[in-house]
Amino acid sequence: MSTESNNFSQAELDKFNALANRWWDPEGPQKPLHALNPARLGYVRDRATLRGARALDVGCGGGLLSEALAREGADVTAIDLAPDLLKVAKLHRLESGVQVDYRLSAVEALAAEMPGAFDVVTCMEMLEHVPDPGAVVAACATLLKPGGRLFLSTLNRTPAAFALAIVGAEYVARMLPKGTHRYRDFIKPSELAQWLRAADLVLEDVSGLVYDPLRHTARVGDRTDVNYLACAVKP
């Protein structure tokens with residue numbers, strides 16, 4: 001387990017550590033994340049064989065996606081730099097019985113230790129929270145086996161994303177704690193595509209991740225101006 005990396009913000013880690021105790025509460029501060037999770041899982045499952053695959057969940061938080069991947073039959077390793085979140089993930093593992101190997105590790109450090117080890121790497125809702133998202137993409141690419149796939153989700157830097165993800169979700173509806181997101185850290189698909197090319201990955205798909213706050217559901221769709229998903233393959 002290695003945390004050797006400068007590519008994190010302590011303020012961001014503190015912010016998410018503070019949410020740890022209610023991470024698995026579907027009516028708590030992470031309510032939108034609970035709604036997004038089935039759609040995220042479906043996006044991955046439609047594009048990669050999970051049963052028997054070796055999967056890595058980068059920035060796993062309390063383990064929502066990690067456990068979902070494991071339920072699909074994947075051998076899951078999950079990493080994060082927020083120790084309180086990992087404690088919650090491990091406690092939930094005891095309750096659910098779903099086996100996930102949780103590690104306190106930076107993705108760059110794991111890439112140095114385990115290059116080419118994974119069939120599937122997921123990195124969801126994390127890139128907009130690190131100082132150098134391109135370095136995270138590069139580390140994820142290193143961790144993939146040839147033919148493996150990287151799955152990402154993040155927020156687009158558009159007026160619509162500012163209105164819905166920050167003003168609407170944090171200040172009007174109060175579905176997320178204030179300060180969860182900063183608009184300047186949102187990422188355009190063209191920027192993500194550039195990082196993927198630099199990491200020698202081939203972009204296969206970009207799709208929208210559409211959240212309906214009234215029905216508390218999410219689906220994969222064509223609208224990419226707020227949340228979006230991307231899939232890239234390592235040749």
# chains A, B, ... in the order shown; residues from 1 in each chain; ligands from 1
>>> select_by_dssp(residues="segment 89-192 of chain A", states="helix (DSSP H, G or I)", output="MDAnalysis selection string")
chainID A and resid 89:96 107:113 127:129 133:143 159:172 183:185 189:192
>>> residues_around(residues="Leu144 of chain A", least_positions_apart="5", cutoff="7 Å", atoms="only C-alpha atoms", output="PyMOL selection string")
chain A and resi 115-121+234
>>> residues_around(residues="Ala199 of chain A", least_positions_apart="2", cutoff="7 Å", atoms="only C-alpha atoms", output="MDAnalysis selection string")
chainID A and resid 138 141 195:197 201
>>> closest_residue(among="A:Leu150, A:Val44, A:Ala68, A:Val202", to="Gln99 of chain A", atoms="only C-alpha atoms")
A:Ala68
